[in-house]
$ cat data.cif   # mmCIF, C-alpha atoms and all ligand atoms
data_protein
#
loop_
_atom_site.label_atom_id
_atom_site.label_comp_id
_atom_site.auth_asym_id
_atom_site.auth_seq_id
_atom_site.Cartn_x
_atom_site.Cartn_y
_atom_site.Cartn_z
CA LEU K 974 -18.10 -6.79 -18.39
CA VAL K 975 -17.67 -3.19 -19.51
CA ALA K 976 -14.85 -2.66 -21.99
CA ARG K 977 -12.80 -0.45 -19.68
CA MET K 978 -12.46 -3.28 -17.13
CA ARG K 979 -11.76 -6.12 -19.55
CA ASN K 980 -8.01 -6.08 -19.03
CA PHE K 981 -8.29 -6.60 -15.32
CA GLY K 982 -9.23 -10.31 -14.94
CA THR K 983 -8.25 -11.73 -11.55
CA THR K 984 -5.89 -9.80 -9.25
CA ILE K 985 -2.43 -11.29 -9.05
CA PHE K 986 -2.84 -11.63 -5.27
CA ALA K 987 -5.88 -13.89 -5.57
CA GLU K 988 -4.21 -15.86 -8.35
CA MET K 989 -0.98 -16.45 -6.47
CA SER K 990 -2.64 -17.19 -3.11
CA ALA K 991 -4.85 -19.77 -4.84
CA LEU K 992 -1.70 -21.27 -6.36
CA ALA K 993 -0.14 -21.48 -2.90
CA THR K 994 -3.23 -23.22 -1.49
CA ARG K 995 -3.44 -25.61 -4.43
CA THR K 996 0.24 -26.62 -4.28
CA GLY K 997 0.87 -26.33 -0.55
CA ALA K 998 3.75 -23.95 -1.30
CA ILE K 999 4.94 -21.37 1.25
CA ASN K 1000 3.09 -18.17 0.43
CA LEU K 1001 5.50 -15.22 0.31
CA GLY K 1002 3.22 -13.66 -2.32
CA GLN K 1003 0.18 -11.80 -1.02
CA GLY K 1004 1.19 -9.46 1.79
CA PHE K 1005 -0.56 -10.46 4.99
CA PRO K 1006 1.04 -11.16 8.36
CA ASP K 1007 0.84 -14.62 9.90
CA ALA K 1008 0.53 -13.24 13.43
CA ASP K 1009 -2.38 -11.29 14.91
CA GLY K 1010 -2.53 -7.67 15.95
CA PRO K 1011 -2.38 -6.46 19.58
CA PRO K 1012 -4.55 -8.71 21.84
CA ALA K 1013 -6.29 -5.82 23.63
CA MET K 1014 -7.35 -4.40 20.25
CA LEU K 1015 -8.81 -7.77 19.22
CA GLU K 1016 -10.60 -7.86 22.56
CA ALA K 1017 -11.98 -4.36 21.94
CA ALA K 1018 -13.60 -5.57 18.69
CA VAL K 1019 -15.16 -8.54 20.48
CA GLU K 1020 -16.35 -6.28 23.29
CA SER K 1021 -17.84 -3.86 20.78
CA ILE K 1022 -19.88 -6.70 19.25
CA ARG K 1023 -20.98 -7.99 22.67
CA SER K 1024 -22.06 -4.56 23.83
CA GLY K 1025 -24.36 -3.85 20.90
CA GLY K 1026 -22.09 -1.85 18.58
CA ASN K 1027 -23.55 -3.71 15.61
CA GLN K 1028 -25.73 -1.26 13.70
CA TYR K 1029 -24.78 1.25 11.02
CA PRO K 1030 -22.23 3.72 12.32
CA PRO K 1031 -22.37 7.28 10.92
CA GLY K 1032 -21.35 7.40 7.24
CA PRO K 1033 -18.09 9.27 7.92
CA GLY K 1034 -17.15 6.77 10.62
CA LEU K 1035 -17.50 6.54 14.39
CA PRO K 1036 -16.63 9.91 15.97
CA GLU K 1037 -14.22 8.16 18.36
CA LEU K 1038 -12.19 6.79 15.43
CA ARG K 1039 -12.17 10.11 13.56
CA GLU K 1040 -11.01 11.83 16.75
CA ALA K 1041 -8.32 9.19 17.31
CA VAL K 1042 -7.07 9.66 13.73
CA ALA K 1043 -6.96 13.45 14.09
CA ALA K 1044 -5.09 13.14 17.40
CA GLU K 1045 -2.58 10.71 15.88
CA ARG K 1046 -1.95 12.96 12.82
CA ALA K 1047 -1.35 15.93 15.11
CA GLU K 1048 0.93 14.03 17.48
CA ARG K 1049 2.96 12.13 14.89
CA TYR K 1050 3.19 14.62 12.02
CA GLY K 1051 2.10 17.96 13.48
CA LEU K 1052 -0.77 18.00 10.97
CA ALA K 1053 -4.10 19.36 12.21
CA TYR K 1054 -7.29 17.83 10.76
CA ASP K 1055 -10.81 18.54 11.96
CA PRO K 1056 -12.28 15.14 12.93
CA ALA K 1057 -15.78 16.32 12.00
CA THR K 1058 -15.04 17.43 8.42
CA GLU K 1059 -11.53 16.34 7.42
CA VAL K 1060 -11.34 12.65 8.41
CA TYR K 1061 -13.36 9.92 6.71
CA VAL K 1062 -13.38 6.20 7.48
CA THR K 1063 -13.35 3.78 4.54
CA VAL K 1064 -13.48 0.04 3.85
CA GLY K 1065 -9.70 -0.31 3.86
CA ALA K 1066 -7.29 1.81 1.89
CA THR K 1067 -8.61 0.13 -1.24
CA GLU K 1068 -11.99 1.83 -0.96
CA ALA K 1069 -10.30 5.10 -0.05
CA ILE K 1070 -8.21 4.94 -3.23
CA ALA K 1071 -11.19 4.01 -5.40
CA THR K 1072 -13.59 6.59 -4.01
CA THR K 1073 -10.96 9.34 -4.15
CA ILE K 1074 -10.15 8.67 -7.79
CA LEU K 1075 -13.83 8.30 -8.75
CA ALA K 1076 -14.61 11.52 -6.88
CA LEU K 1077 -11.78 13.64 -8.31
CA ALA K 1078 -10.91 12.37 -11.81
CA GLU K 1079 -13.20 13.23 -14.72
CA ALA K 1080 -13.36 10.81 -17.64
CA GLY K 1081 -10.37 11.63 -19.82
CA ASP K 1082 -8.36 13.24 -17.03
CA GLU K 1083 -4.82 11.97 -16.57
CA VAL K 1084 -3.52 10.49 -13.34
CA ILE K 1085 0.23 10.18 -12.76
CA VAL K 1086 1.33 6.97 -11.05
CA PHE K 1087 4.82 5.78 -10.19
CA GLU K 1088 5.34 2.32 -11.60
CA PRO K 1089 5.55 -0.37 -10.38
CA PHE K 1090 2.11 0.62 -9.01
CA TYR K 1091 -0.21 -1.17 -6.62
CA ASP K 1092 -2.70 -3.02 -8.79
CA SER K 1093 -5.87 -1.28 -7.63
CA TYR K 1094 -4.63 2.09 -8.92
CA ALA K 1095 -4.77 1.05 -12.56
CA ALA K 1096 -8.17 -0.63 -12.17
CA THR K 1097 -9.84 2.29 -10.40
CA ILE K 1098 -8.36 4.84 -12.79
CA ALA K 1099 -9.86 2.76 -15.61
CA LEU K 1100 -13.18 2.51 -13.77
CA ALA K 1101 -13.26 6.31 -13.63
CA GLY K 1102 -12.62 6.46 -17.38
CA ALA K 1103 -9.42 8.36 -16.62
CA VAL K 1104 -6.00 7.68 -18.12
CA ARG K 1105 -2.90 6.64 -16.19
CA ARG K 1106 0.49 8.20 -16.94
CA PRO K 1107 3.24 6.06 -15.49
CA VAL K 1108 6.57 7.40 -14.27
CA THR K 1109 8.99 4.52 -13.84
CA LEU K 1110 10.98 3.93 -10.66
CA ARG K 1111 14.36 2.50 -11.64
CA PRO K 1112 17.21 1.01 -9.61
CA ASP K 1113 19.76 3.66 -8.69
CA GLY K 1114 22.36 2.93 -6.04
CA GLY K 1115 20.49 -0.13 -4.72
CA ARG K 1116 17.16 1.64 -4.40
CA PHE K 1117 14.32 2.44 -6.78
CA THR K 1118 13.76 6.10 -7.59
CA PHE K 1119 12.46 8.37 -10.37
CA ASP K 1120 14.01 10.86 -12.73
CA PRO K 1121 12.58 14.33 -11.94
CA ASP K 1122 12.63 15.21 -15.65
CA GLU K 1123 10.49 12.15 -16.45
CA LEU K 1124 8.04 13.26 -13.79
CA ARG K 1125 7.85 16.79 -15.17
CA ALA K 1126 7.49 15.43 -18.72
CA ALA K 1127 4.52 13.28 -17.64
CA VAL K 1128 2.41 16.35 -16.76
CA GLY K 1129 0.08 17.56 -19.49
CA PRO K 1130 -2.99 19.77 -19.84
CA ARG K 1131 -5.33 16.95 -18.70
CA THR K 1132 -3.29 15.93 -15.65
CA ARG K 1133 -5.47 16.17 -12.57
CA LEU K 1134 -4.08 13.81 -9.92
CA ILE K 1135 -0.80 12.30 -8.88
CA LEU K 1136 -0.79 9.10 -6.85
CA VAL K 1137 2.12 8.81 -4.46
CA ASN K 1138 2.76 5.57 -2.56
CA SER K 1139 5.46 5.90 0.09
CA PRO K 1140 6.64 3.61 1.65
CA HIS K 1141 6.29 2.00 -1.75
CA ASN K 1142 4.81 -1.43 -2.53
CA PRO K 1143 6.52 -3.31 -4.18
CA ALA K 1144 9.75 -1.30 -4.57
CA GLY K 1145 10.29 -0.70 -0.83
CA THR K 1146 11.32 2.91 -1.46
CA VAL K 1147 10.56 5.56 1.15
CA PHE K 1148 10.69 8.88 -0.67
CA THR K 1149 13.24 11.32 0.75
CA ARG K 1150 12.38 14.91 1.55
CA GLU K 1151 14.14 15.92 -1.65
CA GLU K 1152 12.08 13.52 -3.78
CA LEU K 1153 8.90 14.70 -2.10
CA GLU K 1154 9.90 18.35 -2.69
CA THR K 1155 10.22 17.56 -6.39
CA ILE K 1156 6.74 16.02 -6.41
CA ALA K 1157 5.32 18.91 -4.37
CA ALA K 1158 6.82 21.49 -6.75
CA VAL K 1159 5.15 19.74 -9.71
CA CYS K 1160 1.82 19.68 -7.84
CA ARG K 1161 1.99 23.37 -6.94
CA GLU K 1162 3.14 24.46 -10.37
CA HIS K 1163 0.44 22.54 -12.26
CA ASP K 1164 -2.29 22.75 -9.64
CA LEU K 1165 -2.50 18.97 -9.17
CA VAL K 1166 -4.16 17.11 -6.32
CA ALA K 1167 -1.89 14.53 -4.65
CA VAL K 1168 -3.38 11.27 -3.43
CA THR K 1169 -0.95 9.69 -0.98
CA ASP K 1170 -1.16 6.00 -0.17
CA GLU K 1171 0.64 5.82 3.17
CA VAL K 1172 -0.55 2.42 4.37
CA TYR K 1173 3.02 1.41 5.35
CA GLU K 1174 3.72 4.71 7.15
CA TYR K 1175 4.72 2.97 10.40
CA LEU K 1176 6.75 0.22 8.76
CA THR K 1177 10.09 1.89 7.91
CA PHE K 1178 13.60 0.61 8.63
CA ASP K 1179 17.15 1.77 9.38
CA ALA K 1180 15.77 4.91 11.06
CA THR K 1181 14.26 6.04 7.72
CA GLU K 1182 11.66 8.71 8.41
CA HIS K 1183 8.28 8.59 6.67
CA ILE K 1184 7.43 12.15 5.64
CA PRO K 1185 3.81 12.80 4.68
CA LEU K 1186 3.58 14.83 1.48
CA ALA K 1187 0.85 16.92 3.16
CA SER K 1188 3.46 18.25 5.60
CA LEU K 1189 5.37 20.04 2.82
CA GLU K 1190 4.75 23.68 2.04
CA GLY K 1191 1.51 24.31 0.19
CA MET K 1192 0.61 20.61 0.13
CA ARG K 1193 -1.87 20.10 2.97
CA GLU K 1194 -4.48 22.02 0.99
CA ARG K 1195 -4.06 19.77 -2.09
CA THR K 1196 -3.40 16.33 -0.58
CA VAL K 1197 -5.78 13.46 0.10
CA ALA K 1198 -3.86 11.15 2.46
CA ILE K 1199 -4.81 7.49 2.89
CA SER K 1200 -3.94 5.11 5.75
CA SER K 1201 -5.05 1.65 6.83
CA ALA K 1202 -5.26 -0.25 10.11
CA GLY K 1203 -4.64 -3.43 8.11
CA LYS K 1204 -0.89 -2.83 7.88
CA THR K 1205 -0.32 -0.74 11.01
CA PHE K 1206 -2.03 -3.20 13.35
CA SER K 1207 -1.65 -6.48 11.37
CA VAL K 1208 -5.37 -6.93 10.71
CA THR K 1209 -5.58 -6.92 6.90
CA GLY K 1210 -8.94 -8.71 7.09
CA TRP K 1211 -10.55 -5.88 9.05
CA LYS K 1212 -10.58 -3.63 5.98
CA THR K 1213 -10.56 -0.42 7.98
CA GLY K 1214 -8.86 2.62 6.48
CA TRP K 1215 -9.28 6.37 6.40
CA VAL K 1216 -8.81 9.51 4.39
CA THR K 1217 -7.53 12.80 5.80
CA ALA K 1218 -7.93 15.81 3.54
CA PRO K 1219 -9.36 19.33 3.38
CA ALA K 1220 -13.15 19.32 3.83
CA PRO K 1221 -14.07 19.84 0.14
CA TYR K 1222 -12.15 16.69 -0.85
CA VAL K 1223 -13.64 14.74 2.03
CA ARG K 1224 -17.12 15.82 0.90
CA ALA K 1225 -16.29 14.61 -2.62
CA VAL K 1226 -15.17 11.22 -1.26
CA GLN K 1227 -18.31 11.05 0.86
CA THR K 1228 -20.54 11.69 -2.14
CA VAL K 1229 -19.09 8.63 -3.88
CA LYS K 1230 -18.67 6.35 -0.87
CA GLN K 1231 -22.20 6.80 0.43
CA PHE K 1232 -23.52 5.02 -2.65
CA MET K 1233 -20.90 2.27 -2.66
CA THR K 1234 -20.85 1.03 0.91
CA TYR K 1235 -22.54 3.91 2.74
CA THR K 1236 -20.45 3.25 5.83
CA SER K 1237 -17.68 0.97 7.14
CA SER K 1238 -17.88 -1.91 9.61
CA ALA K 1239 -18.65 -0.63 13.12
CA PRO K 1240 -16.98 -2.99 15.64
CA TYR K 1241 -13.57 -2.70 13.98
CA GLN K 1242 -13.75 1.07 14.08
CA ARG K 1243 -14.10 1.08 17.85
CA ALA K 1244 -11.18 -1.32 18.18
CA VAL K 1245 -8.95 0.69 15.82
CA ALA K 1246 -9.78 3.89 17.72
CA TYR K 1247 -8.60 2.11 20.85
CA ALA K 1248 -5.43 0.91 19.10
CA LEU K 1249 -4.47 4.34 17.72
CA GLY K 1250 -4.66 5.70 21.24
CA ASN K 1251 -2.98 2.81 23.06
CA GLU K 1252 -1.11 0.38 20.85
CA LEU K 1253 1.52 2.44 19.02
CA PRO K 1254 4.25 0.90 21.25
CA TRP K 1255 3.06 -2.49 19.94
CA VAL K 1256 3.44 -1.15 16.38
CA GLU K 1257 7.02 -0.11 17.16
CA GLU K 1258 7.75 -3.71 18.24
CA LEU K 1259 6.18 -4.95 15.00
CA ARG K 1260 8.36 -2.54 13.04
CA LYS K 1261 11.51 -3.78 14.76
CA SER K 1262 10.62 -7.41 14.20
CA LEU K 1263 9.92 -6.70 10.50
CA GLU K 1264 13.30 -5.03 10.17
CA ALA K 1265 14.98 -8.22 11.46
CA LYS K 1266 12.81 -10.36 9.17
CA ARG K 1267 13.75 -8.20 6.21
CA ASP K 1268 17.42 -8.80 6.91
CA ARG K 1269 16.79 -12.52 7.35
CA LEU K 1270 14.94 -12.83 4.04
CA ILE K 1271 17.45 -10.69 2.15
CA SER K 1272 20.39 -12.68 3.36
CA GLY K 1273 18.61 -15.93 2.42
CA LEU K 1274 17.68 -14.62 -1.03
CA GLU K 1275 21.22 -13.45 -1.69
CA THR K 1276 22.56 -16.87 -0.64
CA ALA K 1277 20.05 -18.47 -3.00
CA GLY K 1278 21.49 -16.36 -5.83
CA PHE K 1279 19.06 -13.45 -6.22
CA THR K 1280 20.13 -9.83 -6.28
CA THR K 1281 17.94 -7.94 -3.81
CA PHE K 1282 16.98 -4.33 -3.23
CA ARG K 1283 16.97 -3.57 0.50
CA PRO K 1284 13.58 -1.98 1.19
CA GLN K 1285 13.49 1.07 3.46
CA GLY K 1286 9.88 0.29 4.33
CA THR K 1287 6.84 -2.00 3.72
CA TYR K 1288 7.08 -5.76 4.14
CA PHE K 1289 8.24 -6.63 0.66
CA VAL K 1290 11.57 -7.24 -1.05
CA GLN K 1291 12.03 -6.97 -4.81
CA ALA K 1292 14.55 -9.48 -6.12
CA ASP K 1293 16.26 -9.60 -9.50
CA ILE K 1294 16.08 -13.12 -10.94
CA ARG K 1295 18.71 -12.71 -13.69
CA PRO K 1296 21.74 -13.84 -11.65
CA LEU K 1297 19.99 -17.23 -11.41
CA GLY K 1298 19.70 -17.44 -15.19
CA PHE K 1299 16.00 -16.58 -15.37
CA THR K 1300 14.67 -13.68 -17.44
CA ASP K 1301 10.90 -13.55 -16.98
CA GLY K 1302 9.47 -12.99 -13.49
CA PHE K 1303 6.00 -14.06 -14.54
CA GLU K 1304 7.22 -17.41 -15.85
CA LEU K 1305 9.35 -17.96 -12.78
CA ALA K 1306 6.53 -17.05 -10.37
CA ARG K 1307 4.19 -19.52 -12.09
CA ALA K 1308 6.82 -22.28 -11.94
CA LEU K 1309 8.15 -21.49 -8.47
CA PRO K 1310 5.73 -23.67 -6.44
CA GLU K 1311 6.82 -26.69 -8.45
CA LYS K 1312 10.49 -25.74 -8.64
CA ALA K 1313 10.92 -24.68 -5.04
CA GLY K 1314 7.65 -24.90 -3.09
CA VAL K 1315 7.43 -21.12 -2.67
CA VAL K 1316 5.02 -18.50 -4.03
CA ALA K 1317 6.15 -14.97 -4.99
CA ILE K 1318 4.53 -12.13 -6.94
CA PRO K 1319 5.83 -11.23 -10.42
CA SER K 1320 6.44 -7.48 -10.22
CA GLN K 1321 5.80 -7.14 -13.96
CA VAL K 1322 2.05 -6.96 -13.31
CA PHE K 1323 2.63 -3.60 -11.57
CA TYR K 1324 4.24 -2.04 -14.66
CA ASP K 1325 2.93 -0.69 -17.97
CA ASP K 1326 6.50 -0.94 -19.19
CA ALA K 1327 6.64 -4.76 -18.98
CA GLU K 1328 10.34 -4.76 -19.91
CA ALA K 1329 11.19 -2.64 -16.87
CA GLY K 1330 9.41 -5.10 -14.56
CA ARG K 1331 10.28 -8.41 -16.23
CA PRO K 1332 13.35 -9.34 -14.12
CA PHE K 1333 11.76 -8.72 -10.71
CA VAL K 1334 9.74 -10.82 -8.31
CA ARG K 1335 8.44 -9.69 -4.95
CA PHE K 1336 8.73 -11.67 -1.70
CA ALA K 1337 6.82 -10.78 1.49
CA PHE K 1338 8.61 -11.02 4.85
CA CYS K 1339 5.66 -10.40 7.21
CA LYS K 1340 5.94 -14.08 8.19
CA ARG K 1341 7.31 -16.08 11.14
CA GLU K 1342 11.09 -16.58 11.18
CA ASP K 1343 10.78 -20.34 10.71
CA VAL K 1344 8.58 -19.79 7.64
CA ILE K 1345 11.14 -17.39 6.13
CA ASP K 1346 13.97 -19.81 6.91
CA GLN K 1347 12.16 -22.72 5.33
CA ALA K 1348 11.31 -20.66 2.24
CA VAL K 1349 14.91 -19.55 1.64
CA GLU K 1350 16.14 -23.10 2.21
CA ARG K 1351 13.80 -24.22 -0.55
CA LEU K 1352 14.79 -21.32 -2.82
CA ALA K 1353 18.43 -22.37 -2.52
CA ARG K 1354 17.48 -25.34 -4.72
CA LEU K 1355 17.08 -22.98 -7.69
CA ARG K 1356 20.83 -22.76 -8.24
N1 LIG P 1401 -2.14 0.28 -0.91
C1 LIG P 1401 -1.06 -0.49 -0.86
C2 LIG P 1401 0.24 0.05 -1.35
C3 LIG P 1401 -1.16 -1.79 -0.35
O1 LIG P 1401 -0.09 -2.57 -0.32
C4 LIG P 1401 -2.42 -2.25 0.09
C5 LIG P 1401 -2.64 -3.61 0.60
N2 LIG P 1401 -1.98 -4.41 0.96
C6 LIG P 1401 -3.51 -1.40 0.02
C7 LIG P 1401 -3.34 -0.15 -0.49
C8 LIG P 1401 -4.87 -1.84 0.46
O2 LIG P 1401 -5.08 -1.72 1.80
P1 LIG P 1401 -6.42 -2.25 2.50
O3 LIG P 1401 -6.23 -3.70 2.74
O4 LIG P 1401 -6.53 -1.45 3.75
O5 LIG P 1401 -7.54 -1.98 1.56
N1 LIG P 1402 -1.55 -5.33 -0.42
C1 LIG P 1402 -1.23 -6.72 -0.31
C2 LIG P 1402 -0.09 -7.00 -1.24
O1 LIG P 1402 0.41 -6.11 -1.85
C3 LIG P 1402 -2.39 -7.62 -0.69
C4 LIG P 1402 -3.60 -6.94 -1.11
C5 LIG P 1402 -4.57 -7.77 -1.89
O2 LIG P 1402 -4.64 -8.98 -1.76
N2 LIG P 1402 -5.31 -7.10 -2.72
O3 LIG P 1402 0.32 -8.11 -1.36
#

$ encode --input "data.cif" --output "structure tokens" --more "lines below"
Ligand code: PMP
Ligand code: GLN
Amino acid sequence: LVARMRNFGTTIFAEMSALATRTGAINLGQGFPDADGPPAMLEAAVESIRSGGNQYPPGPGLPELREAVAAERAERYGLAYDPATEVYVTVGATEAIATTILALAEAGDEVIVFEPFYDSYAATIALAGAVRRPVTLRPDGGRFTFDPDELRAAVGPRTRLILVNSPHNPAGTVFTREELETIAAVCREHDLVAVTDEVYEYLTFDATEHIPLASLEGMRERTVAISSAGKTFSVTGWKTGWVTAPAPYVRAVQTVKQFMTYTSSAPYQRAVAYALGNELPWVEELRKSLEAKRDRLISGLETAGFTTFRPQGTYFVQADIRPLGFTDGFELARALPEKAGVVAIPSQVFYDDAEAGRPFVRFAFCKREDVIDQAVERLARLR
């Protein structure tokens, strides 16, 4: 294995899901829903296979999906993208993140990431030979946010990209307009490109609005925005995502992607195009049910003795383990199947500053109510 990848071993999600399988524990670790997406969308994928949609689609994606994405961006955010040149379909958001970073960061360039950061950011920045510059999100009034001065101090002469994940996994933060304005000002001032991971864009709670960074002044022209059907339509195994960006950035992504996977799976694209046009009411029901599940999990975790941070979006809760007398989230997560029959993710793995992440574990609530109830009943034994 090349030196720059040697620190990356096995992803925490694979490790913890294997632990859940091995021990029979309830898996509130890896974030995947335990209910399927909209039935008519599933049917559309089956129908696409039956009707011969099984050969290579065009590299940029099926025109019908690119058109559906452009229509959805325009309708939902008032952002106009040309489906022919400014929308590109990828193998999930993961490939979109990787190809964007590989396409835009030179070896030695610096990439700003807010920590805790989704694990693939660090690995793909390393793969590119670039250097990550973390800016830490810290608890402030029950929610994780950043210090604008720390963000400004992180920018240097080699800074090229800033990765912005909102709604944020695992912190649950949805950046406010004010926070986004701070980020946008830094981008404009230092001529940075923003890469926005918006995979949880539809999953926000308490009437919190998701604001795309590209919608702020001067940002559309310097933002590569990333979405995924996996989260929006509860089909994480379909690995269908997309990039929307100005044409030069899309061409850069294309140059890299065409030699990685060339194109993305055809039948799912047809089904997702259908869903973007017809199943957004279903997504609103999903959102509402997740909001109720969030409240259910939080109340159970608080009863069990954790301090929780109420997420404004995503399907994850970060919990502080210190009130229960534990200090190290990694140790607790490894012992949790045996102690309580539950699997969680130690948030520490998403931090460079291990101290900042040590007291937190992440629980997923994209699960049936009875599964959540059983998990919190078990966690109550930790006291
Ligand atoms: N970004 C974030 C913040 C995520 O949580 C995930 C996955 N769960 C991804 C990207 C990857 O999405 P996909 O499965 O579409 O590759
Ligand atoms: N994004 C999901 C999570 O955060 C899982 C993704 C994965 O398994 N790589 O849990």

$ residues_near_ligand --input "data.cif" --ligand "ligand LIG 1401 (chain P)" --cutoff "8 Å" --atoms "all atoms listed in the file" --output "short mmCIF file (atom, residue, chain, number, x, y, z; two decimals) with C-alpha atoms, in the coordinates of the input"
data_model
loop_
_atom_site.label_atom_id
_atom_site.label_comp_id
_atom_site.auth_asym_id
_atom_site.auth_seq_id
_atom_site.Cartn_x
_atom_site.Cartn_y
_atom_site.Cartn_z
CA GLN K 1003 0.18 -11.80 -1.02
CA GLY K 1004 1.19 -9.46 1.79
CA PHE K 1005 -0.56 -10.46 4.99
CA VAL K 1064 -13.48 0.04 3.85
CA GLY K 1065 -9.70 -0.31 3.86
CA ALA K 1066 -7.29 1.81 1.89
CA THR K 1067 -8.61 0.13 -1.24
CA GLU K 1068 -11.99 1.83 -0.96
CA ALA K 1069 -10.30 5.10 -0.05
CA ILE K 1070 -8.21 4.94 -3.23
CA PHE K 1090 2.11 0.62 -9.01
CA TYR K 1091 -0.21 -1.17 -6.62
CA SER K 1093 -5.87 -1.28 -7.63
CA ASN K 1138 2.76 5.57 -2.56
CA SER K 1139 5.46 5.90 0.09
CA PRO K 1140 6.64 3.61 1.65
CA HIS K 1141 6.29 2.00 -1.75
CA ASN K 1142 4.81 -1.43 -2.53
CA PRO K 1143 6.52 -3.31 -4.18
CA ASP K 1170 -1.16 6.00 -0.17
CA GLU K 1171 0.64 5.82 3.17
CA VAL K 1172 -0.55 2.42 4.37
CA TYR K 1173 3.02 1.41 5.35
CA SER K 1200 -3.94 5.11 5.75
CA SER K 1201 -5.05 1.65 6.83
CA ALA K 1202 -5.26 -0.25 10.11
CA GLY K 1203 -4.64 -3.43 8.11
CA LYS K 1204 -0.89 -2.83 7.88
CA THR K 1209 -5.58 -6.92 6.90
CA GLY K 1210 -8.94 -8.71 7.09
CA TRP K 1211 -10.55 -5.88 9.05
CA LYS K 1212 -10.58 -3.63 5.98
CA THR K 1213 -10.56 -0.42 7.98
CA GLY K 1214 -8.86 2.62 6.48
#

$ residues_around --input "data.cif" --residues "range 1041-1045 of chain K" --least-positions-apart "2" --cutoff "6 Å" --atoms "all atoms listed in the file" --output "list in words"
Leu1038, Arg1039, Ala1047, Glu1048, Arg1049, Tyr1054, Pro1056 and Ala1246 of chain K

$ axis_aligned_box --input "data.cif" --around "range 1239-1243 of chain K" --padding-each-side "6 Å" --output "AutoDock Vina command-line options"
--center_x -16.1 --center_y -1.0 --center_z 15.5 --size_x 17.1 --size_y 16.1 --size_z 16.7

$ residues_around --input "data.cif" --residues "Pro1130 in chain K" --least-positions-apart "3" --cutoff "12 Å" --atoms "only C-alpha atoms" --output "ChimeraX atom specification"
/K:1081-1084,1126-1127,1133-1134,1163-1165

$ closest_residue --input "data.cif" --among "K:Ser990, K:Thr1072, K:Thr1280, K:Thr1217" --to "Asp1055 in chain K" --atoms "all atoms listed in the file"
K:Thr1217

$ decode --input "data.cif" --residues "range 1255-1269 of chain K" --atoms "C-alpha atoms" --output "CSV table (one decimal), in the first residue's frame"
chain,number,residue,atom,x,y,z
K,1255,TRP,CA,-42.6,10.8,0.1
K,1256,VAL,CA,-39.3,12.5,1.2
K,1257,GLU,CA,-41.3,15.0,3.3
K,1258,GLU,CA,-43.0,12.1,5.1
K,1259,LEU,CA,-39.6,10.5,5.6
K,1260,ARG,CA,-38.3,13.8,7.1
K,1261,LYS,CA,-41.2,14.0,9.5
K,1262,SER,CA,-40.8,10.5,10.6
K,1263,LEU,CA,-37.1,11.0,11.2
K,1264,GLU,CA,-37.8,14.1,13.3
K,1265,ALA,CA,-40.0,12.0,15.6
K,1266,LYS,CA,-37.4,9.3,15.7
K,1267,ARG,CA,-34.7,11.8,16.6
K,1268,ASP,CA,-36.8,12.9,19.5
K,1269,ARG,CA,-37.4,9.3,20.6
